[in-house]
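First comes the structure, then the notes that go with it.
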Amino acid sequence: MKYLDEFSDPELARKLVDQIHAVTTRPWAMMEVCGGQTHSIIRHGIDQLLPAGVEMIHGPGCPVCVTPLEIIDKALAIAARPGVIFCSFGDMLRVPGSSRDLFAVKSAGGDVRVVYSPLDALKIARENPDRQVVFFGIGFETTAPANAMTVYQARRFGVANFSLLVSHVLVPPAIAAIMESPRCRVQAFLAAGHVCSVMGTAEYPPLAEKYGVPIVVTGFEPLDILEGIRQTVVQLESGRHELQNAYPRAVRAEGNLAAMAMLRDVFEVTDRTWRGIGMIPRSGWRLSERYRDFDAELRFDVADLHTEESALCRSGEVLQGLLKPNECAAFGKQCTPRNPLGATMVSSEGACAAYYAYRRLDLVQIS
Amino acid sequence: MTDLDFENWTCPVPLRDTPTVVMGHGGGGAMSGELVEHLFLPGFGAAGATTDLGDCAVLPAGGGRIAFSTDSYVVKPMFFPGGSIGDLAVNGTVNDLAMGGATPLYLSAAFILQEGTALADIARIAEAMGAAARAAGVRLVTGDTKVVDNGSGDGVYITTSGIGLVADGVDIGPRRAVAGDTVLISGDIGVHGVAVMSCREGLEFGTAVSSDTAPLHGLVAAMLATGADVHVLRDPTRGGVAASLNEIARSSGIGVDLVERDLPIPPGVADACSLLGLDPLQVANEGKLLAFVPAEQAGEVLAAMRAHPYGAGARRIGTCVSEHPGMVVARTALGGTRVVTMPIGEQLPRIC
């Protein structure tokens, strides 16, 4: 793929790294918001190339990680019902609920299917009119348009046996919540490029202004990330705090107008609990009144199901950048990628899972 | 008048009118016999059993050591670009034997068929097994068939076991890797896994990638013919190169350093993995081998591999080190490093 090679070029990367070193005069702590960026940083070893003192704090932008335990438990309850076909993206299957995960439901006879698009779940619903087909609609603004389109089509074509278990979350309220935290160490943000390609950039200048932090819209390939870091450091060093777009090939200031219109129609803003962090006001989407009939929580009467998080797991502090994953007492002991206590240890985008490899890597130097 | 060939004649309507597997095919009666006689044996052709169909095959074997291996095949879908479950069932077990330095001789094949599966599909699989066995120079000498209720299985499951002979002086095993060894791969990685995923239900995507399923004992023989002291051979199937290298590192207590830019990842595999959020190092191969050889013999072994059709794309990808024992570390193209971890369970495509 053209873009993969072009934006991973080692020589260009070296030039960007040199420029970052040249402009850096003191330590800075910046947060990459998106889990896809965390994955790429660890995957390519980008953090090891930065000047000493320039620290990447891994943000709460992994949709798997922040989906609250309560929603997982609701998913498990729905998926275990006879007659239900429960469809999900693959990496949600291993996320532990209070007592088990979707893999366990599947092995106990539940019809749990991995799909690659919510529209595939709608197709399954049409092919199985005598079954209830539920899609687990989680994620940030990035995955929301496809979920919105699916519900829109279900309503338009009268696919009454389809419903969506929704737990969408939004980036800008999370940035505000992190900055409001009294222990916040974050001095700048790499904003999530693909969230901005949907929503545009209008929500970010007020945040940069209010909290005095540079926010640089950043992509996901190695050169994208290095350029985002470079622009961020330049702003920090010069005392500026503005919105900049370091990912113009994918992000326009006005966003994707068609997607935004669809989102406004299908979803409405709601308070949302983030796993490990707690409730953040107006930080998520639920189905709007027009589409409420397709809400799986109501259809399966699980709205009253409430659960508590693991007392051992401190993923909330990790997600806010207050605690390094390896500073958690359970890290690598009770909690490993094989037996995750919290969702940050599950997804390859999760800070704890990424750190599990990273911390071990720290012990290693290739000669 | 032309010669009549009675040897290769089979009844055109042998299977009692049913186009699909029925429970009776596993009953041990006439229908079971017909399935073997009219479907499997013709499918296997010259690679099939030639003696009486007794409870076991009694076969000649030379002196020396015997290699013995078994593997079960449950791949879904049964047919994929570049092969079928039949090809895998033969080549997979042949390769397990080859990785011990053995010359494979005989395979058994046990089938678990689901009631309702099209016999035409079973016949295609049997023919694929026959062709693969003939190509590999092994014989399918004993077997078994059972049928399970519709819904209790998934088309066809195949278990093959294989026996091969190991020549004197050959000592290949995962514990023999030592610091200083050069790590070689016989060609492009991730090809089989991507080919299968490309036609998996719900994930169909267009790709020119087709499975690399192939028997590798000829390639191994060519490598051993150089006289090199090959320490370890492994075919990186499920879990891919990442799982195999981690297993070897743990078995022998050495570290493995990979150079990422030296990994032969074809564009079709790189694209599919990027799209699905998978690591090509963790994607399955069915016609590739990893070799650990002493550094001073690596050039010679590499040349022998490249001269063989199944090793034409062979490359050096890393070295064994005494640092970080039990771990595999890759130097990234950007100059950073990362730990290549053992995949956990199934590969799960990422959300975004």
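Ordering of the structure tokens sets the chain letters (A, B, ...), residue numbers begin anew at 1 in every chain, and ligands are numbered from 1 in the order given.
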Tell me, as JSON, numbers by chain, which residues lie within 6 Å of range 228-232 of chain A, counting only C-alpha atoms; anything in the same chain fewer than 6 positions away does not count. {"A": [20, 218, 246]}
Select from chain A every residue with an atom at most 7 Å from any atom of chain B, then for each give the shortest pair of atoms and their distance in Å to one decimal, using only C-alpha atoms, rows by chain and rising number, as CSV.
residue,atom,partner,partner_atom,distance
A:Met1,CA,B:Asp271,CA,5.9
A:Pro10,CA,B:Leu334,CA,5.0
A:Ala13,CA,B:Leu334,CA,6.7
A:Ile42,CA,B:Arg338,CA,7.0
A:Arg43,CA,B:Arg338,CA,6.4
A:His44,CA,B:Thr332,CA,5.6
A:Gly45,CA,B:Gly336,CA,4.2
A:Ile46,CA,B:Gly336,CA,6.3
A:Gln48,CA,B:Gly336,CA,5.9
A:Leu49,CA,B:Gly336,CA,6.5
A:Phe89,CA,B:Ile351,CA,5.9
A:Gly90,CA,B:Leu348,CA,4.9
A:Asp91,CA,B:Leu348,CA,5.2
A:Val115,CA,B:Gly202,CA,6.2
A:Tyr116,CA,B:Leu203,CA,6.4
A:Asp120,CA,B:Gly202,CA,6.7
A:Arg338,CA,B:Ile344,CA,6.6
A:Ala357,CA,B:Val339,CA,5.9
A:Leu361,CA,B:Val339,CA,5.9
A:Val364,CA,B:His324,CA,6.3
If you count only C-alpha atoms, which residues fall within 6 Å of range 124-136 of chain B, apart from same-chain ones fewer than 3 positions away, as a PyMOL selection string? chain B and resi 40+43-45+47+86-87+121+215
With N, CA and C atoms retained, write the just-selected residues as a CSV table (one decimal), in the first residue's frame.
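Output below, filename part_5.csv:
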chain,number,residue,atom,x,y,z
B,40,PHE,N,-12.4,-42.4,-1.2
B,40,PHE,CA,-11.1,-42.1,-0.7
B,40,PHE,C,-10.0,-42.8,-1.5
B,43,GLY,N,-9.5,-41.2,-4.8
B,43,GLY,CA,-9.0,-39.9,-4.6
B,43,GLY,C,-7.5,-39.9,-4.3
B,44,PHE,N,-7.1,-40.9,-3.5
B,44,PHE,CA,-5.6,-40.9,-3.1
B,44,PHE,C,-4.8,-41.4,-4.3
B,45,GLY,N,-5.4,-42.2,-5.2
B,45,GLY,CA,-4.7,-42.7,-6.4
B,45,GLY,C,-3.5,-43.6,-5.9
B,47,ALA,N,-1.1,-43.0,-4.3
B,47,ALA,CA,-0.5,-42.8,-2.9
B,47,ALA,C,-1.3,-43.6,-1.9
B,86,GLY,N,-7.3,-30.7,2.5
B,86,GLY,CA,-6.7,-32.0,2.1
B,86,GLY,C,-5.2,-31.7,1.9
B,87,ASP,N,-4.8,-30.6,1.2
B,87,ASP,CA,-3.4,-30.3,1.0
B,87,ASP,C,-2.7,-30.1,2.4
B,121,ASP,N,-17.6,-32.5,-2.3
B,121,ASP,CA,-16.5,-31.8,-1.5
B,121,ASP,C,-15.5,-32.8,-0.9
B,215,PRO,N,5.2,-29.4,0.6
B,215,PRO,CA,6.0,-30.3,1.4
B,215,PRO,C,7.4,-29.8,1.4
With only C-alpha atoms as the counted atoms, please give the residues lying no more than 7 Å from range 326-330 of chain A, apart from itself and same-chain residues fewer than 4 positions off, as a CSV table (one decimal) with C-alpha atoms, in the first residue's frame.
chain,number,residue,atom,x,y,z
A,312,LEU,CA,-7.2,-4.4,42.2
A,314,ARG,CA,-6.0,0.7,38.6
A,334,GLN,CA,-2.4,-11.1,38.8
A,335,CYS,CA,-2.8,-9.1,35.6
Long-range neighbours of Val191 in chain B as an mmCIF file with C-alpha atoms, in the first residue's frame, 9 Å cut-off, only C-alpha atoms, 4 positions minimum in chain:
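Here's the written file part_28.cif:
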data_model
loop_
_atom_site.group_PDB
_atom_site.id
_atom_site.type_symbol
_atom_site.label_atom_id
_atom_site.label_comp_id
_atom_site.auth_asym_id
_atom_site.auth_seq_id
_atom_site.Cartn_x
_atom_site.Cartn_y
_atom_site.Cartn_z
ATOM 1 C CA ALA B 195 -5.179 -16.421 1.953
ATOM 2 C CA VAL B 196 -7.487 -18.232 4.387
ATOM 3 C CA VAL B 209 -2.358 -13.946 -2.129
ATOM 4 C CA SER B 210 -2.792 -17.714 -2.237
ATOM 5 C CA SER B 211 -1.697 -20.336 0.279
ATOM 6 C CA ASP B 212 1.930 -21.449 0.290
ATOM 7 C CA ILE B 265 6.619 -9.696 3.878
ATOM 8 C CA PRO B 266 4.936 -9.557 0.458
ATOM 9 C CA GLY B 268 -0.468 -8.392 -0.255
ATOM 10 C CA VAL B 269 0.246 -9.678 3.257
ATOM 11 C CA PRO B 280 2.498 -10.542 9.855
ATOM 12 C CA VAL B 283 0.149 -15.005 10.758
ATOM 13 C CA ALA B 284 0.278 -18.692 9.768
ATOM 14 C CA ASN B 285 2.525 -20.209 7.101
ATOM 15 C CA GLU B 286 2.143 -23.684 5.593
#
Enumerate as a PyMOL selection string all residues of range 3-208 of chain B assigned to strand (DSSP E or B) by DSSP on the backbone, naming them with the chain letters and numbers the document uses. chain B and resi 20+65-73+79-80+83-84+102-114+118+139-148+156-166+182-185
